[in-house]
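Source file: final.txt; contents: compact mmCIF, C-alpha atoms and all ligand atoms.
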```txt
# COMPACT_ATOMS: atom_id res chain seq x y z
CA MET M 25 165.79 145.86 55.76
CA PHE M 26 163.36 148.47 54.45
CA LEU M 27 160.24 148.90 52.35
CA ARG M 28 160.95 150.86 49.21
CA HIS M 29 157.68 150.72 47.33
CA LEU M 30 154.04 150.15 48.24
CA SER M 31 151.09 149.86 45.93
CA LEU M 32 147.47 149.42 46.99
CA VAL M 33 144.39 148.52 44.98
CA ASN M 34 140.96 148.58 46.68
CA TYR M 35 142.56 148.37 50.13
CA LYS M 36 140.16 149.88 52.70
CA ASN M 37 139.57 153.55 51.72
CA PHE M 38 142.07 153.52 48.80
CA ASP M 39 141.10 152.86 45.15
CA SER M 40 144.69 152.87 44.12
CA LYS M 41 147.74 154.33 45.78
CA VAL M 42 151.44 154.12 45.00
CA MET M 43 154.12 155.27 47.46
CA GLU M 44 157.93 155.34 47.28
CA PHE M 45 159.45 155.40 50.77
CA ASP M 46 162.54 156.79 52.42
CA PRO M 47 164.80 154.03 53.82
CA VAL M 48 164.84 155.74 57.25
CA ILE M 49 161.82 157.84 58.26
CA ASN M 50 158.42 158.21 56.64
CA CYS M 51 155.63 160.36 58.04
CA LEU M 52 152.02 160.04 57.04
CA VAL M 53 150.12 163.18 57.94
CA GLY M 54 146.55 164.31 57.36
CA ASP M 55 143.18 164.76 59.01
CA ASN M 56 141.28 162.08 60.85
CA GLY M 57 140.00 159.34 58.58
CA VAL M 58 142.17 160.06 55.51
CA GLY M 59 143.77 156.61 55.67
CA LYS M 60 147.08 157.06 57.55
CA THR M 61 146.48 153.98 59.70
CA ASN M 62 145.28 152.06 56.65
CA VAL M 63 148.66 152.59 54.95
CA LEU M 64 150.41 151.28 58.09
CA ASP M 65 148.02 148.34 58.14
CA ALA M 66 148.80 147.55 54.49
CA ILE M 67 152.50 147.38 55.43
CA TYR M 68 151.60 145.12 58.36
CA HIS M 69 149.63 142.95 55.92
CA LEU M 70 152.73 142.42 53.78
CA CYS M 71 154.72 141.20 56.78
CA PHE M 72 152.08 139.09 58.54
CA GLY M 73 149.56 138.22 55.80
CA LYS M 74 146.75 139.81 57.78
CA SER M 75 145.50 143.13 59.09
CA TYR M 76 146.57 144.28 62.55
CA PHE M 77 143.25 146.05 63.08
CA ASN M 78 140.59 144.01 61.35
CA PRO M 79 140.93 140.22 61.10
CA VAL M 80 137.91 139.93 58.78
CA SER M 81 139.53 139.95 55.33
CA THR M 82 136.38 140.94 53.45
CA GLN M 83 136.21 144.12 55.55
CA ASN M 84 139.65 145.14 54.32
CA ILE M 85 138.32 145.28 50.75
CA LYS M 86 137.18 148.73 49.71
CA HIS M 87 133.40 149.04 49.99
CA ASN M 88 131.51 148.07 46.78
CA THR M 89 134.47 146.21 45.27
CA ASP M 90 135.31 142.53 45.56
CA PHE M 91 139.09 142.22 45.86
CA PHE M 92 142.18 143.97 47.16
CA VAL M 93 145.85 143.79 46.23
CA VAL M 94 148.71 145.04 48.42
CA GLU M 95 152.12 144.96 46.80
CA GLY M 96 155.46 145.86 48.37
CA GLU M 97 159.10 145.87 47.39
CA PHE M 98 161.49 145.39 50.28
CA GLU M 99 165.27 145.67 50.29
CA LYS M 100 166.65 142.87 52.43
CA GLU M 101 170.31 141.88 52.65
CA GLY M 102 171.05 143.55 49.32
CA LYS M 103 168.20 141.79 47.50
CA THR M 104 164.79 143.01 46.37
CA GLU M 105 161.94 140.97 47.82
CA LYS M 106 158.61 141.51 46.12
CA ILE M 107 155.63 140.56 48.29
CA VAL M 108 152.08 140.54 46.96
CA CYS M 109 149.10 139.92 49.18
CA SER M 110 145.77 139.60 47.40
CA PHE M 111 142.29 138.63 48.40
CA LYS M 112 139.12 138.18 46.38
CA LYS M 113 135.75 137.62 48.07
CA GLY M 114 134.85 133.93 48.14
CA THR M 115 138.42 132.72 47.61
CA LYS M 116 141.48 132.12 49.79
CA LYS M 117 143.93 134.92 50.44
CA VAL M 118 147.18 134.56 48.47
CA ILE M 119 150.64 135.74 49.55
CA LYS M 120 153.43 135.58 47.02
CA ARG M 121 157.12 136.18 47.53
CA ASN M 122 158.92 136.96 44.27
CA GLY M 123 156.06 135.43 42.28
CA LYS M 124 155.81 132.19 44.26
CA ALA M 125 152.73 131.64 46.44
CA TYR M 126 153.23 130.43 50.01
CA GLU M 127 151.48 127.18 50.84
CA LYS M 128 151.41 128.09 54.50
CA PHE M 129 151.35 131.74 55.62
CA SER M 130 153.21 130.74 58.77
CA GLU M 131 156.31 130.22 56.59
CA HIS M 132 156.26 133.95 55.84
CA ILE M 133 156.05 135.09 59.49
CA GLY M 134 159.38 136.40 60.67
CA PHE M 135 160.81 136.83 57.19
CA LEU M 136 160.06 140.56 57.30
CA PRO M 137 160.09 141.49 61.00
CA LEU M 138 157.90 144.41 62.00
CA VAL M 139 156.66 146.01 65.20
CA ILE M 140 153.63 148.28 65.40
CA ILE M 141 152.80 150.67 68.23
CA SER M 142 149.21 151.82 68.04
CA PRO M 143 146.42 153.14 70.28
CA SER M 144 144.69 149.76 69.94
CA ASP M 145 147.54 148.21 71.97
CA ARG M 146 145.54 149.22 75.05
CA ASP M 147 143.63 145.96 74.45
CA LEU M 148 146.72 144.23 75.84
CA ILE M 149 145.88 145.74 79.23
CA LEU M 150 142.10 145.87 78.99
CA GLU M 151 141.14 142.65 77.22
CA GLY M 152 141.32 139.00 78.27
CA SER M 153 144.31 136.68 78.40
CA GLU M 154 144.05 135.68 74.72
CA THR M 155 145.28 139.12 73.62
CA ARG M 156 148.36 138.84 75.82
CA ARG M 157 149.09 135.26 74.70
CA LYS M 158 148.86 136.43 71.09
CA PHE M 159 151.37 139.18 71.84
CA MET M 160 153.77 136.74 73.50
CA ASP M 161 153.34 134.17 70.73
CA GLY M 162 153.80 136.85 68.06
CA VAL M 163 157.13 137.96 69.53
CA ILE M 164 158.46 134.44 70.02
CA SER M 165 157.40 133.23 66.58
CA GLN M 166 159.08 136.12 64.80
CA SER M 167 162.36 134.72 66.00
CA ASP M 168 161.59 131.00 66.34
CA LYS M 169 159.86 129.22 63.44
CA GLY M 170 159.56 125.91 65.33
CA TYR M 171 157.55 127.65 68.05
CA LEU M 172 154.77 128.67 65.68
CA GLN M 173 154.60 125.18 64.20
CA SER M 174 154.32 123.63 67.69
CA LEU M 175 151.61 126.12 68.61
CA ILE M 176 149.62 125.34 65.46
CA LYS M 177 149.91 121.60 66.19
CA TYR M 178 148.92 122.10 69.86
CA ASN M 179 145.82 124.06 68.83
CA LYS M 180 144.85 121.34 66.33
CA VAL M 181 145.10 118.61 68.96
CA LEU M 182 143.18 120.82 71.40
CA VAL M 183 140.32 121.15 68.89
CA GLN M 184 140.36 117.36 68.40
CA ARG M 185 140.29 116.70 72.14
CA ASN M 186 137.42 119.17 72.62
CA SER M 187 135.45 117.51 69.78
CA LEU M 188 136.03 114.14 71.42
CA LEU M 189 134.74 115.46 74.78
CA LYS M 190 131.60 116.72 73.00
CA TYR M 191 131.24 113.40 71.17
CA PHE M 192 131.36 111.51 74.50
CA VAL M 193 128.44 113.54 75.83
CA ALA M 194 126.42 113.49 72.59
CA ASN M 195 126.77 109.71 72.29
CA ASN M 196 126.78 108.87 75.97
CA THR M 197 130.09 107.08 75.63
CA PHE M 198 133.70 107.27 76.83
CA ASP M 199 136.93 106.11 75.24
CA PRO M 200 139.95 106.57 77.55
CA ASP M 201 142.45 105.22 75.00
CA THR M 202 141.82 107.88 72.34
CA LEU M 203 141.76 110.56 75.03
CA ALA M 204 145.11 109.31 76.36
CA ILE M 205 146.66 109.77 72.89
CA TYR M 206 145.48 113.39 72.76
CA ASN M 207 146.63 113.98 76.35
CA GLU M 208 150.10 112.78 75.51
CA GLN M 209 150.31 114.89 72.36
CA LEU M 210 149.10 117.98 74.24
CA HIS M 211 151.56 117.26 77.05
CA ASN M 212 154.55 116.99 74.70
CA LEU M 213 153.69 120.06 72.63
CA GLY M 214 152.48 122.08 75.64
CA THR M 215 155.62 121.36 77.67
CA GLU M 216 157.82 122.51 74.79
CA ILE M 217 155.79 125.72 74.35
CA HIS M 218 155.80 126.34 78.12
CA LYS M 219 159.60 126.06 78.27
CA LYS M 220 159.97 128.48 75.37
CA ARG M 221 157.60 130.96 77.01
CA ILE M 222 159.63 130.82 80.26
CA ALA M 223 162.86 131.40 78.35
CA PHE M 224 161.25 134.25 76.44
CA ILE M 225 160.01 136.03 79.58
CA ASP M 226 163.40 135.64 81.28
CA ALA M 227 165.08 137.36 78.35
CA PHE M 228 162.31 139.87 77.70
CA VAL M 229 161.64 141.33 81.16
CA PRO M 230 165.03 143.09 81.61
CA ILE M 231 164.72 144.66 78.14
CA PHE M 232 161.18 145.75 78.91
CA LYS M 233 162.15 147.30 82.26
CA GLU M 234 165.01 149.18 80.65
CA GLN M 235 162.67 150.62 77.99
CA TYR M 236 160.13 151.67 80.61
CA ALA M 237 162.79 153.34 82.76
CA HIS M 238 163.92 155.36 79.71
CA ILE M 239 160.41 156.58 78.97
CA ALA M 240 159.34 157.31 82.55
CA GLU M 241 162.77 158.60 83.66
CA LYS M 242 162.13 157.08 87.08
CA ASP M 243 161.60 153.69 88.67
CA GLU M 244 157.87 153.09 88.87
CA GLN M 245 158.24 149.42 89.92
CA ILE M 246 156.54 147.98 86.91
CA MET M 247 156.57 144.24 86.35
CA LEU M 248 155.59 141.72 83.73
CA ALA M 249 155.24 138.07 84.77
CA TYR M 250 154.28 134.82 83.10
CA GLU M 251 151.39 132.94 84.68
CA SER M 252 150.84 129.31 83.77
CA GLN M 253 149.05 126.33 85.28
CA LEU M 254 152.12 124.33 84.23
CA THR M 255 154.29 126.12 86.81
CA HIS M 256 153.32 123.64 89.53
CA SER M 257 152.20 120.51 87.65
CA SER M 258 152.94 118.77 84.39
CA LEU M 259 150.30 119.12 81.68
CA LEU M 260 149.65 115.39 81.75
CA GLU M 261 148.88 115.56 85.50
CA LEU M 262 146.62 118.55 84.93
CA LEU M 263 144.73 116.85 82.09
CA GLU M 264 144.27 113.70 84.12
CA SER M 265 143.20 115.43 87.34
CA ASN M 266 140.71 117.65 85.47
CA LEU M 267 139.17 114.86 83.43
CA GLU M 268 135.77 114.88 85.15
CA LYS M 269 135.56 118.67 84.92
CA ASP M 270 136.51 118.60 81.21
CA ARG M 271 133.91 115.92 80.50
CA ALA M 272 131.26 118.09 82.15
CA LEU M 273 132.39 121.28 80.41
CA GLN M 274 132.98 119.46 77.09
CA TYR M 275 136.22 121.35 76.58
CA THR M 276 139.80 121.26 77.83
CA SER M 277 140.04 123.53 80.86
CA THR M 278 143.78 123.25 81.52
CA GLY M 279 146.85 123.80 79.40
CA ILE M 280 149.08 126.44 77.89
CA HIS M 281 146.03 127.89 76.12
CA LYS M 282 145.12 129.31 79.55
CA ASP M 283 148.48 131.03 80.12
CA ASP M 284 148.54 134.76 80.79
CA LEU M 285 150.89 137.67 81.42
CA SER M 286 150.38 139.82 84.50
CA PHE M 287 151.16 143.53 84.22
CA THR M 288 151.70 145.28 87.55
CA ILE M 289 152.83 148.60 88.98
CA ALA M 290 154.12 148.59 92.57
CA GLY M 291 152.68 145.09 92.89
CA HIS M 292 149.14 146.00 91.77
CA PRO M 293 147.43 145.35 88.41
CA ILE M 294 148.23 148.22 86.05
CA LYS M 295 144.75 147.88 84.55
CA LYS M 296 143.21 149.10 87.82
CA PHE M 297 146.00 151.08 89.46
CA GLY M 298 148.07 152.57 86.65
CA SER M 299 147.40 156.15 85.52
CA GLN M 300 146.55 156.58 81.83
CA GLY M 301 150.05 157.89 81.14
CA GLN M 302 151.62 154.97 83.02
CA GLN M 303 149.51 152.52 81.05
CA LYS M 304 150.52 154.14 77.77
CA SER M 305 154.18 154.16 78.77
CA PHE M 306 153.87 150.51 79.78
CA LEU M 307 152.48 149.58 76.36
CA ILE M 308 155.10 151.55 74.47
CA ALA M 309 157.86 149.99 76.58
CA LEU M 310 156.36 146.57 75.83
CA LYS M 311 156.45 147.23 72.09
CA LEU M 312 159.92 148.81 72.10
CA ALA M 313 161.13 145.78 74.05
CA GLN M 314 159.56 143.59 71.36
CA PHE M 315 161.50 145.59 68.79
CA HIS M 316 164.84 145.09 70.56
CA PHE M 317 164.15 141.46 71.33
CA ILE M 318 163.41 140.64 67.69
CA LYS M 319 166.31 142.73 66.46
CA GLU M 320 168.68 140.83 68.72
CA LEU M 321 167.37 137.33 68.07
CA ALA M 322 166.35 137.55 64.44
CA LYS M 323 169.57 139.46 63.66
CA ASN M 324 167.39 141.67 61.54
CA THR M 325 166.14 145.17 62.37
CA PRO M 326 162.34 145.23 62.30
CA ILE M 327 160.40 147.96 60.55
CA LEU M 328 158.75 150.15 63.20
CA LEU M 329 155.23 151.52 62.70
CA LEU M 330 154.25 154.33 65.11
CA ASP M 331 150.54 154.97 64.78
CA ASP M 332 149.36 158.18 66.47
CA ILE M 333 152.00 157.73 69.15
CA PHE M 334 152.53 161.44 69.84
CA ASP M 335 148.90 161.98 70.74
CA LYS M 336 149.20 159.62 73.63
CA LEU M 337 151.87 161.12 75.85
CA ASP M 338 153.06 164.23 77.61
CA GLU M 339 155.97 166.15 76.12
CA SER M 340 158.71 164.78 78.33
CA ARG M 341 157.73 161.18 77.56
CA VAL M 342 157.51 161.98 73.84
CA SER M 343 160.98 163.49 73.85
CA GLN M 344 162.27 160.46 75.73
CA ILE M 345 160.89 158.16 73.05
CA VAL M 346 162.31 160.34 70.33
CA SER M 347 165.71 160.20 71.97
CA LEU M 348 165.45 156.42 72.18
CA VAL M 349 164.75 156.23 68.47
CA GLU M 350 167.60 158.64 67.86
CA ASN M 351 170.17 156.82 69.97
CA GLU M 352 169.46 153.21 69.25
CA ASN M 353 170.16 151.98 65.82
CA PHE M 354 166.61 151.77 64.47
CA GLY M 355 165.86 150.69 60.93
CA GLN M 356 162.99 152.11 58.91
CA ILE M 357 160.28 153.98 60.79
CA PHE M 358 156.77 154.99 59.72
CA ILE M 359 154.97 157.63 61.79
CA SER M 360 151.35 158.68 61.43
CA ASP M 361 150.11 161.95 62.92
CA THR M 362 147.41 164.53 62.37
CA HIS M 363 149.80 167.48 63.04
CA ALA M 364 152.14 168.01 60.10
CA GLN M 365 154.27 170.60 61.92
CA ARG M 366 154.68 168.60 65.10
CA THR M 367 155.71 165.54 63.10
CA GLU M 368 158.20 167.47 61.03
CA SER M 369 159.86 169.07 64.04
CA VAL M 370 160.09 165.67 65.77
CA VAL M 371 161.57 163.81 62.79
CA LYS M 372 164.00 166.61 61.94
CA SER M 373 165.50 166.09 65.38
CA ILE M 374 165.88 162.36 64.74
CA HIS M 375 167.45 162.14 61.31
CA GLN M 376 168.23 164.15 58.20
CA SER M 377 166.75 161.48 55.93
CA TYR M 378 162.96 161.53 55.94
CA LYS M 379 159.90 161.87 53.73
CA ILE M 380 156.54 163.39 54.59
CA PHE M 381 153.39 162.17 52.83
CA THR M 382 150.28 164.30 53.13
CA LEU M 383 147.23 162.10 52.61
N1 LIG O 1 136.69 148.45 53.68
C1 LIG O 1 136.68 149.80 53.62
N2 LIG O 1 136.21 150.44 52.51
C2 LIG O 1 136.22 151.78 52.46
N3 LIG O 1 136.64 152.60 53.44
C3 LIG O 1 137.12 152.02 54.54
C4 LIG O 1 137.17 150.60 54.69
N4 LIG O 1 137.70 150.30 55.90
C5 LIG O 1 137.97 151.50 56.49
N5 LIG O 1 137.63 152.53 55.68
C6 LIG O 1 137.74 153.95 55.93
O1 LIG O 1 139.07 154.30 56.23
C7 LIG O 1 139.02 155.48 57.02
C8 LIG O 1 139.88 155.32 58.24
O2 LIG O 1 141.17 155.34 57.85
P1 LIG O 1 142.31 155.37 58.92
O3 LIG O 1 141.93 154.67 60.17
O4 LIG O 1 143.52 154.93 58.20
O5 LIG O 1 142.34 156.94 59.22
P2 LIG O 1 143.48 157.81 59.86
O6 LIG O 1 143.96 158.75 58.81
O7 LIG O 1 144.48 156.95 60.52
O8 LIG O 1 142.61 158.60 60.91
P3 LIG O 1 142.88 159.05 62.44
O9 LIG O 1 143.72 160.28 62.37
O10 LIG O 1 141.49 159.33 62.91
O11 LIG O 1 143.53 157.90 63.16
C9 LIG O 1 137.63 155.69 57.52
O12 LIG O 1 137.08 156.78 56.83
C10 LIG O 1 136.97 154.39 57.16
O13 LIG O 1 135.61 154.56 56.85
```

When written as structure tokens, how does the structure in this file appear?
Amino acid sequence: MFLRHLSLVNYKNFDSKVMEFDPVINCLVGDNGVGKTNVLDAIYHLCFGKSYFNPVSTQNIKHNTDFFVVEGEFEKEGKTEKIVCSFKKGTKKVIKRNGKAYEKFSEHIGFLPLVIISPSDRDLILEGSETRRKFMDGVISQSDKGYLQSLIKYNKVLVQRNSLLKYFVANNTFDPDTLAIYNEQLHNLGTEIHKKRIAFIDAFVPIFKEQYAHIAEKDEQIMLAYESQLTHSSLLELLESNLEKDRALQYTSTGIHKDDLSFTIAGHPIKKFGSQGQQKSFLIALKLAQFHFIKELAKNTPILLLDDIFDKLDESRVSQIVSLVENENFGQIFISDTHAQRTESVVKSIHQSYKIFTL
């Protein structure tokens, strides 16, 4: 699968921009702020219906205009797939595939698999558990449509249960029967999601470790583990035993919405004890593992977006990554960099088919 054509209207810093891509390697080069990352983000938008960097849709519209359109033509399994993502201030965003609008964006997720590696990935280490859950959910849902639907349903029931807990306090009342219905629904959906997360981590960790070992060229005892309150108790038991606490807090304090991933090096949190280079390598290994995982399960090679990746690492780690890209059968790759010469010498060593765009 590859993206052949991209056209932007009023997307971030672009008035209008049309690009025809190479099926293998595309490099976007230029000074800081020219819009290299914005092009990558537009491609991300076509695959996920949203920006990777800025979730506020109005802020993706070029300043002083009131709509944007991102259009892409992909080649997938011998067919052309035309995707149009448009947004006008005050209306709902629309995503169309071959002229037909999706009713639910979630139906589009996974159709065009994509993995992005960007400096903002450091949030996975630095930020709270929600960022890591989103990463885990993103990987699983690109290969399992049912998972995303269960997650959406779980979150809906969670909102309903939280509203009910607030209602109890506001009206000085309590209704155990309605609560029991929500508890059961959360238990059923949560247990299914929990099982899928366990299965995912079991399959993902060996791939991740292999990617890290390639980049670091030595064993640095890195580990990724799934942490869940459901490991020791069922969700129903947790909901029931935390009822008084939840009533006081007016929200649901236990469940798979509290799950996390722990990232460690030699048994210690990488956030506190990993060097900057080790943290960067960890994140790249995580994303390359995501790439291989999706490729294997979705039976479809994801597009790979490498945003500013060469600025982050020492030369030996960069050449290790390049050799990974060279050896494994990657699909289409987009690379953004400020150094035209560096990029060209790197891509020349990967493949004879490439295009360089100077923005
Ligand atoms: N909604 C918007 N309207 C107009 N310009 C915008 C909008 N959103 C972002 N920009 C501009 O886009 C530019 C940033 O583009 P981008 O992040 O793609 O740069 P880059 O080429 O990747 O730079 P770097 O090399 O620093 O990473 C900034 O100048 C920013 O002001």

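The closest residue to ligand LIG 1 (chain O), picked from M:Glu368, M:Glu99, M:Glu127, M:Asp361 and counting only C-alpha atoms and all ligand atoms, is M:Asp361.
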
Give the centre and edge lengths of an axis-aligned box, in Å to one decimal, that holds all listed atoms of ligand LIG 1 (chain O) with 3 Å on each side, as lines of an AutoDock Vina configuration file.
```
center_x = 140.0
center_y = 154.4
center_z = 57.8
size_x = 14.9
size_y = 17.8
size_z = 16.7
```

Selected residue of minimal separation from M:Lys323 among M:Met25, M:Ile246, M:Ile289, M:Ile217, counting all atoms listed in the file: M:Met25

Pairwise distance for atom CA of M:His132 and atom CA of M:Cys71, rounded to one decimal in Å: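 Separation between atom CA of M:His132 and atom CA of M:Cys71: 7.5 Å.
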
Polymer residues at most 8 Å from M:Ser142, only C-alpha atoms, same-chain spacing of 5 or more positions, as a PyMOL selection string: chain M and resi 330-333

Exercise: M:Leu32 partners within 6 Å, all atoms listed in the file, chain neighbours under 4 positions left out, as a PyMOL selection string: chain M and resi 40-41+93-94

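One finds atom CA of M:Val139 at 19.8 Å from atom CA of M:His375.
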
Selected residue, from M:Gln166, M:Asn34, M:Ser286, M:Ser258, that lies nearest to M:Glu95 when counting only C-alpha atoms: M:Asn34

Could the residues of chain M that have an atom at most 6 Å from ligand LIG 1 (chain O) be listed as CSV, each with its closest atom pair and the distance in Å to one decimal, counting only C-alpha atoms and all ligand atoms and ordered by chain and ascending residue number?
```
residue,atom,partner,partner_atom,distance
M:Lys36,CA,O:LIG1,C1,3.6
M:Asn37,CA,O:LIG1,N3,3.5
M:Asp55,CA,O:LIG1,O9,5.6
M:Asn56,CA,O:LIG1,O9,3.4
M:Gly57,CA,O:LIG1,O5,3.4
M:Val58,CA,O:LIG1,O6,4.0
M:Gly59,CA,O:LIG1,O4,3.0
M:Lys60,CA,O:LIG1,O6,3.8
M:Thr61,CA,O:LIG1,O4,3.5
M:Asn62,CA,O:LIG1,O4,3.7
M:Gln83,CA,O:LIG1,N1,4.7
M:Asn84,CA,O:LIG1,N1,4.5
M:Ile85,CA,O:LIG1,N1,4.6
M:Lys86,CA,O:LIG1,N2,3.4
M:His87,CA,O:LIG1,N2,4.0
M:Thr362,CA,O:LIG1,O9,5.6
```

Straight-line distance linking atom CA of M:Thr115 with atom CA of M:Ser174, stated in Å to one decimal: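 Computing it gives 27.2 Å between the two atoms.
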
Closest of M:Lys158, M:Lys220, M:His238, M:Lys169 to M:Ala322 - atom-to-atom distances counting all atoms listed in the file: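 Counting all atoms listed in the file, the residue closest to M:Ala322 is M:Lys169.
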
Proximity to M:Leu175 - best of M:Ser257, M:Ser153, M:Lys379, M:His218, only C-alpha atoms: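 Among M:Ser257, M:Ser153, M:Lys379, M:His218, it is M:His218 that comes nearest to M:Leu175.
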
Option closest in space to M:Glu244, from M:Gly96, M:Phe224, M:Thr288, M:Ser265 [counting all atoms listed in the file]: M:Thr288

Considering all atoms listed in the file, tabulate each residue of stretch 274-350 of chain M that lies at most 12 Å from stretch 100-108 of chain M along with its nearest interatomic pair and the corresponding distance in Å to one decimal; arrange the rows by chain and ascending residue number and present them as a tab-separated table.
```
residue	atom	partner	partner_atom	distance
M:Lys323	CA	M:Glu101	CA	11.3
M:Asn324	CA	M:Lys100	CA	9.2
M:Thr325	CA	M:Lys100	CA	10.2
M:Pro326	CA	M:Lys100	CA	11.0
M:Ile327	CA	M:Lys100	CA	11.4
```

Contacts of M:Leu383 at 7 Å (all atoms listed in the file; same-chain gap of 5+ positions) as an MDAnalysis selection string: chainID M and resid 52:54 58

Stretch 128-131 of chain M environment, 12 Å, all atoms listed in the file, sequence neighbours closer than 5 positions dropped, as a PyMOL selection string: chain M and resi 69-74+109+116-121+136+162+165-166+168-176

What are the nearest atom pairs, with distances in Å to one decimal, for all residues of stretch 106-214 of chain M that come at most 12 Å from stretch 294-317 of chain M, using only C-alpha atoms, set out by chain and rising residue number as CSV?
```
residue,atom,partner,partner_atom,distance
M:Pro137,CA,M:Phe315,CA,8.9
M:Leu138,CA,M:Phe315,CA,7.8
M:Val139,CA,M:Phe315,CA,6.0
M:Ile140,CA,M:Lys311,CA,7.3
M:Ile141,CA,M:Lys311,CA,6.3
M:Ser142,CA,M:Ile308,CA,8.7
M:Pro143,CA,M:Lys304,CA,8.6
M:Ser144,CA,M:Leu307,CA,10.1
M:Asp145,CA,M:Leu307,CA,6.7
M:Arg146,CA,M:Leu307,CA,7.1
M:Asp147,CA,M:Leu307,CA,9.8
M:Leu148,CA,M:Leu307,CA,7.9
M:Ile149,CA,M:Lys295,CA,5.8
M:Leu150,CA,M:Lys295,CA,6.5
M:Glu151,CA,M:Lys295,CA,9.7
M:Gly152,CA,M:Lys295,CA,11.4
M:Arg156,CA,M:Leu310,CA,11.1
M:Phe159,CA,M:Gln314,CA,9.3
M:Met160,CA,M:Gln314,CA,9.2
M:Asp161,CA,M:Gln314,CA,11.3
M:Gly162,CA,M:Gln314,CA,9.5
M:Val163,CA,M:Gln314,CA,6.4
M:Ile164,CA,M:Phe317,CA,9.1
M:Ser165,CA,M:Gln314,CA,11.6
M:Gln166,CA,M:Phe317,CA,9.8
M:Ser167,CA,M:Phe317,CA,8.8
M:Asp168,CA,M:Phe317,CA,11.9
```
